[in-house]
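Enquirer: My structure is in final.cif, and what it holds is mmCIF, C-alpha atoms:
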data_work
#
loop_
_atom_site.group_PDB
_atom_site.id
_atom_site.type_symbol
_atom_site.label_atom_id
_atom_site.label_comp_id
_atom_site.auth_asym_id
_atom_site.auth_seq_id
_atom_site.Cartn_x
_atom_site.Cartn_y
_atom_site.Cartn_z
ATOM 1 C CA MET A 1 34.960 -8.675 2.456
ATOM 2 C CA GLU A 2 32.162 -9.091 -0.076
ATOM 3 C CA ILE A 3 28.850 -10.543 1.045
ATOM 4 C CA LEU A 4 26.896 -12.395 -1.614
ATOM 5 C CA THR A 5 23.150 -12.729 -1.267
ATOM 6 C CA PRO A 6 20.656 -14.235 -3.678
ATOM 7 C CA LYS A 7 18.909 -11.722 -5.899
ATOM 8 C CA THR A 8 15.589 -10.878 -4.320
ATOM 9 C CA THR A 9 12.566 -10.708 -6.561
ATOM 10 C CA ARG A 10 9.572 -8.549 -5.849
ATOM 11 C CA ARG A 11 6.394 -10.558 -5.244
ATOM 12 C CA SER A 12 4.235 -8.077 -7.149
ATOM 13 C CA THR A 13 4.613 -4.890 -9.135
ATOM 14 C CA ARG A 14 4.303 -1.598 -7.298
ATOM 15 C CA ILE A 15 2.101 1.158 -8.672
ATOM 16 C CA ARG A 16 2.811 4.763 -7.717
ATOM 17 C CA VAL A 17 -0.263 6.635 -6.523
ATOM 18 C CA GLU A 18 -1.259 9.626 -4.424
ATOM 19 C CA ILE A 19 -4.380 8.680 -2.478
ATOM 20 C CA PRO A 20 -5.356 10.376 0.805
ATOM 21 C CA VAL A 21 -6.444 7.838 3.447
ATOM 22 C CA THR A 22 -7.006 7.603 7.175
ATOM 23 C CA VAL A 23 -4.688 5.252 9.056
ATOM 24 C CA THR A 24 -5.740 4.004 12.486
ATOM 25 C CA SER A 25 -3.758 1.823 14.869
ATOM 26 C CA LEU A 26 -5.673 -1.249 16.033
ATOM 27 C CA ASP A 27 -3.372 -1.637 19.049
ATOM 28 C CA ARG A 28 -4.639 0.199 22.140
ATOM 29 C CA MET A 29 -1.090 0.350 23.507
ATOM 30 C CA ARG A 30 0.081 2.242 20.386
ATOM 31 C CA PRO A 31 -2.672 4.777 19.683
ATOM 32 C CA PHE A 32 -2.668 6.633 16.369
ATOM 33 C CA SER A 33 -5.250 7.893 13.917
ATOM 34 C CA GLY A 34 -4.434 10.400 11.249
ATOM 35 C CA GLN A 35 -4.629 11.570 7.680
ATOM 36 C CA CYS A 36 -1.923 9.986 5.543
ATOM 37 C CA VAL A 37 -1.180 9.490 1.844
ATOM 38 C CA LEU A 38 -0.706 6.207 -0.026
ATOM 39 C CA LEU A 39 2.351 6.643 -2.245
ATOM 40 C CA VAL A 40 2.848 3.094 -3.537
ATOM 41 C CA VAL A 41 0.518 0.084 -3.707
ATOM 42 C CA SER A 42 0.999 -3.583 -4.587
ATOM 43 C CA ALA A 43 -0.906 -6.835 -4.156
ATOM 44 C CA GLN A 44 0.901 -7.449 -0.829
ATOM 45 C CA GLY A 45 0.949 -3.991 0.742
ATOM 46 C CA CYS A 46 1.605 -0.301 0.377
ATOM 47 C CA GLY A 47 3.848 2.617 1.242
ATOM 48 C CA ILE A 48 2.202 5.319 3.343
ATOM 49 C CA GLN A 49 3.432 8.855 4.048
ATOM 50 C CA SER A 50 2.569 9.637 7.676
ATOM 51 C CA PRO A 51 3.113 12.647 9.954
ATOM 52 C CA GLN A 52 3.977 10.283 12.831
ATOM 53 C CA PRO A 53 6.087 7.120 13.072
ATOM 54 C CA LEU A 54 4.480 3.769 13.864
ATOM 55 C CA GLN A 55 6.219 0.847 15.540
ATOM 56 C CA THR A 56 6.782 -2.261 13.436
ATOM 57 C CA GLU A 57 4.244 -5.072 13.824
ATOM 58 C CA THR A 58 1.503 -2.592 14.808
ATOM 59 C CA PRO A 59 -1.809 -3.704 13.282
ATOM 60 C CA ILE A 60 -3.470 -0.856 11.353
ATOM 61 C CA MET A 61 -6.628 -0.137 9.410
ATOM 62 C CA ILE A 62 -6.388 1.892 6.205
ATOM 63 C CA ALA A 63 -9.714 3.591 5.450
ATOM 64 C CA GLY A 64 -10.861 5.854 2.648
ATOM 65 C CA ILE A 65 -9.564 3.723 -0.210
ATOM 66 C CA PRO A 66 -11.336 4.644 -3.482
ATOM 67 C CA GLY A 67 -14.838 3.217 -3.372
ATOM 68 C CA GLY A 68 -15.037 3.679 0.401
ATOM 69 C CA ALA A 69 -13.258 0.433 1.245
ATOM 70 C CA SER A 70 -10.929 -0.221 4.165
ATOM 71 C CA VAL A 71 -8.260 -2.868 4.716
ATOM 72 C CA THR A 72 -6.183 -4.145 7.604
ATOM 73 C CA ALA A 73 -2.437 -4.544 7.562
ATOM 74 C CA ARG A 74 0.579 -4.580 9.839
ATOM 75 C CA VAL A 75 3.446 -2.108 9.889
ATOM 76 C CA ALA A 76 6.421 -3.859 8.269
ATOM 77 C CA ASN A 77 8.831 -0.918 8.549
ATOM 78 C CA CYS A 78 8.978 2.795 9.221
ATOM 79 C CA VAL A 79 11.680 5.214 8.105
ATOM 80 C CA PRO A 80 11.931 9.008 8.385
ATOM 81 C CA LEU A 81 11.573 11.078 5.223
ATOM 82 C CA GLY A 82 14.195 13.774 5.584
ATOM 83 C CA SER A 83 15.924 14.834 8.772
ATOM 84 C CA ASP A 84 13.268 17.161 10.219
ATOM 85 C CA GLY A 85 11.159 14.368 11.786
ATOM 86 C CA LYS A 86 7.945 15.716 10.258
ATOM 87 C CA SER A 87 7.210 12.905 7.810
ATOM 88 C CA PHE A 88 7.669 9.133 7.775
ATOM 89 C CA LEU A 89 7.364 6.371 5.180
ATOM 90 C CA ILE A 90 5.477 3.400 6.584
ATOM 91 C CA GLY A 91 5.638 0.075 4.787
ATOM 92 C CA ALA A 92 2.439 -1.887 5.450
ATOM 93 C CA ALA A 93 1.883 -5.592 4.708
ATOM 94 C CA LEU A 94 -1.717 -6.536 3.977
ATOM 95 C CA TYR A 95 -3.265 -9.374 5.966
ATOM 96 C CA ASN A 96 -5.315 -10.387 2.888
ATOM 97 C CA HIS A 97 -3.335 -10.017 -0.330
ATOM 98 C CA GLY A 98 -4.921 -8.950 -3.565
ATOM 99 C CA ASN A 99 -6.201 -6.014 -5.530
ATOM 100 C CA VAL A 100 -7.807 -4.302 -2.531
ATOM 101 C CA TRP A 101 -7.045 -0.956 -4.205
ATOM 102 C CA GLY A 102 -9.656 -1.624 -6.914
ATOM 103 C CA ILE A 103 -7.298 -1.168 -9.856
ATOM 104 C CA VAL A 104 -8.726 -2.286 -13.205
ATOM 105 C CA ASN A 105 -6.328 -4.384 -15.274
ATOM 106 C CA PRO A 106 -3.744 -4.852 -12.525
ATOM 107 C CA PRO A 107 -0.239 -6.026 -13.434
ATOM 108 C CA GLU A 108 0.032 -9.712 -14.401
ATOM 109 C CA ASP A 109 1.850 -10.608 -11.176
ATOM 110 C CA TRP A 110 -1.142 -9.365 -9.128
ATOM 111 C CA LYS A 111 -3.450 -11.964 -10.645
ATOM 112 C CA PHE A 112 -2.086 -14.932 -8.695
ATOM 113 C CA THR A 113 -3.544 -13.471 -5.501
ATOM 114 C CA ALA A 114 -7.026 -13.240 -6.960
ATOM 115 C CA GLN A 115 -7.217 -17.036 -7.223
ATOM 116 C CA SER A 116 -7.051 -17.375 -3.435
ATOM 117 C CA ALA A 117 -9.660 -14.668 -2.846
ATOM 118 C CA PRO A 118 -13.291 -15.624 -2.199
ATOM 119 C CA ALA A 119 -15.674 -15.489 -5.170
ATOM 120 C CA GLY A 120 -17.924 -12.874 -3.602
ATOM 121 C CA PRO A 121 -18.709 -11.128 -0.336
ATOM 122 C CA PRO A 122 -20.028 -13.258 2.538
ATOM 123 C CA LYS A 123 -23.772 -13.150 3.154
ATOM 124 C CA GLY A 124 -24.893 -9.963 4.836
ATOM 125 C CA GLN A 125 -21.906 -7.924 3.625
ATOM 126 C CA ALA A 126 -21.838 -5.209 0.978
ATOM 127 C CA GLU A 127 -20.627 -5.735 -2.551
ATOM 128 C CA PRO A 128 -16.913 -5.005 -3.169
ATOM 129 C CA ALA A 129 -15.784 -1.477 -3.985
ATOM 130 C CA PRO A 130 -15.963 -0.370 -7.624
ATOM 131 C CA GLN A 131 -12.854 -0.954 -9.716
ATOM 132 C CA LEU A 132 -10.481 1.910 -10.526
ATOM 133 C CA ASN A 133 -9.397 2.468 -14.081
ATOM 134 C CA VAL A 134 -5.666 3.193 -14.025
ATOM 135 C CA ASN A 135 -4.909 6.111 -16.308
ATOM 136 C CA ARG A 136 -1.392 7.220 -15.505
ATOM 137 C CA LYS A 137 -2.154 10.720 -16.832
ATOM 138 C CA SER A 138 -4.931 11.455 -14.318
ATOM 139 C CA TRP A 139 -5.114 11.783 -10.535
ATOM 140 C CA PRO A 140 -4.337 9.853 -8.330
ATOM 141 C CA TYR A 141 -1.853 8.185 -10.676
ATOM 142 C CA ASN A 142 -0.072 11.337 -11.854
ATOM 143 C CA LEU A 143 2.260 11.779 -8.892
ATOM 144 C CA PHE A 144 5.480 11.029 -10.777
ATOM 145 C CA GLU A 145 6.535 11.884 -14.281
ATOM 146 C CA GLU A 146 8.043 9.174 -16.450
ATOM 147 C CA GLY A 147 11.714 8.689 -15.565
ATOM 148 C CA ALA A 148 11.425 10.716 -12.346
ATOM 149 C CA GLU A 149 11.936 7.665 -10.155
ATOM 150 C CA SER A 150 15.179 5.797 -9.729
ATOM 151 C CA HIS A 151 15.520 2.194 -8.665
ATOM 152 C CA PRO A 152 18.726 1.249 -6.854
ATOM 153 C CA GLY A 153 20.267 -1.758 -8.524
ATOM 154 C CA ARG A 154 18.239 -1.413 -11.734
ATOM 155 C CA LYS A 155 19.733 -0.225 -14.977
#
For this file, produce the structure as structure tokens.
Expert:
Amino acid sequence: MEILTPKTTRRSTRIRVEIPVTVTSLDRMRPFSGQCVLLVVSAQGCGIQSPQPLQTETPIMIAGIPGGASVTARVANCVPLGSDGKSFLIGAALYNHGNVWGIVNPPEDWKFTAQSAPAGPPKGQAEPAPQLNVNRKSWPYNLFEEGAESHPGRK
């Protein structure tokens, strides 16, 4: 029996990166704090390589983003990378969507989220982190070579 579902469209383009960060659970019942690596970022979230699994819906803080920024998110999913149980891919959904990664000239579909963002930082808070200039030939954007990634369902 064939099951037909509507074609899902991605809300925003993903950018492959390799950025070391610190991920900390904000739930005292699910303690975790450790060094992880951002592998993919978008205007709605990110993919994080972690040495430990995290339960879905766990609120987390991601610190050490370029420019010294930190953001909060929730764990949307967690899957093992390989069968040895030493590495996990955590999908995190940002609580506040937008270009929190500081990427200069983000993809066009990231710009809709900037309209809902405040014009500047609230009084008493620091200025936003400096913008990153995405040069796919330099770190942290050089993780994958062109054509080294496959997309299921894309031709």
Enquirer: Which value, in Å to one decimal, gives the distance between atom CA of A:Met29 and atom CA of A:Asp84?
Expert: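 Going from atom CA of A:Met29 over to atom CA of A:Asp84, I get 25.8 Å.
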Enquirer: Which distance in Å separates atom CA of A:Arg74 and atom CA of A:Pro59, to one decimal?
Expert: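 Answer for the atom CA of A:Arg74 to atom CA of A:Pro59 separation: 4.3 Å.
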Enquirer: Residue by residue, what does the PyMOL selection byres ((chain A and resi 23) around 7) grab here? Present the result as a PyMOL selection string.
Expert: chain A and resi 21-22+24-25+33-36+60-63
Enquirer: Kindly give the distance, in Å, that separates atom CA of A:Ile65 and atom CA of A:Leu26, rounded to a single decimal.
Expert: 17.4 Å
Enquirer: Near A:Gly45, counting all atoms listed in the file, which residues have an atom at most 6 Å away, once you skip same-chain residues fewer than 3 positions from it, shown as a PyMOL selection string?
Expert: chain A and resi 42+92-94
Enquirer: As a ChimeraX atom specification, please: the residues near A:Tyr95 (cut-off 7 Å, only C-alpha atoms, same-chain neighbours under 2 positions excluded).
Expert: /A:72-73,93,97
Enquirer: Measuring atom to atom with all atoms listed in the file, identify which of A:Val17, A:Val75, A:Val100, A:Leu54 is nearest to A:Arg30.
Expert: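 Nearest to A:Arg30: A:Leu54.
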Enquirer: Identify which of the residues A:Asn99, A:Glu18, A:Ser12, A:Ser83 lies closest to A:Gln49, counting only C-alpha atoms when measuring atom-to-atom distances.
Expert: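 Among A:Asn99, A:Glu18, A:Ser12, A:Ser83, it is A:Glu18 that comes nearest to A:Gln49.
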Enquirer: For each of A:Gly98, A:Pro80, A:Val40, A:Gln55, take the minimum atom-to-atom distance to A:Trp110, counting all atoms listed in the file, then give the residue where this is smallest.
Expert: A:Gly98
Enquirer: Would you please work out which residue, of A:Val71, A:Leu89, A:Ala76, A:Ile15, is nearest to A:Ser50 when using all atoms listed in the file?
Expert: A:Leu89
Enquirer: Evaluate the PyMOL selection byres ((chain A and resi 79) around 9) here and jot the selected residues down as a list in words.
Expert: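 Output of the PyMOL selection byres ((chain A and resi 79) around 9): Pro53, Asn77, Cys78, Pro80, Leu81, Ser87, Phe88, Leu89, Ile90 and Gly91 of chain A.
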Enquirer: Would you pick out the contacts of A:Trp101 at 10 Å or less, using all atoms listed in the file, so that residues sharing its chain but fewer than 2 positions from it are not included, and give the list as a PyMOL selection string?
Expert: chain A and resi 41-43+45-46+65-67+69-71+98-99+103-104+106+129-132
Enquirer: Within 6 Å of A:Leu38, counting all atoms listed in the file, which residues show up once you throw out same-chain ones fewer than 4 positions away? Write them as an MDAnalysis selection string, please.
Expert: chainID A and resid 18:19 47:48
Enquirer: Keeping only C-alpha atoms, write the selected residues to a file as a PDB file, in the frame of the given file.
Expert:
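Result went into again.pdb, see below:
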ATOM      1  CA  GLU A  18      -1.259   9.626  -4.424  1.00  0.00           C
ATOM      2  CA  ILE A  19      -4.380   8.680  -2.478  1.00  0.00           C
ATOM      3  CA  GLY A  47       3.848   2.617   1.242  1.00  0.00           C
ATOM      4  CA  ILE A  48       2.202   5.319   3.343  1.00  0.00           C
TER       5      ILE A  48
END
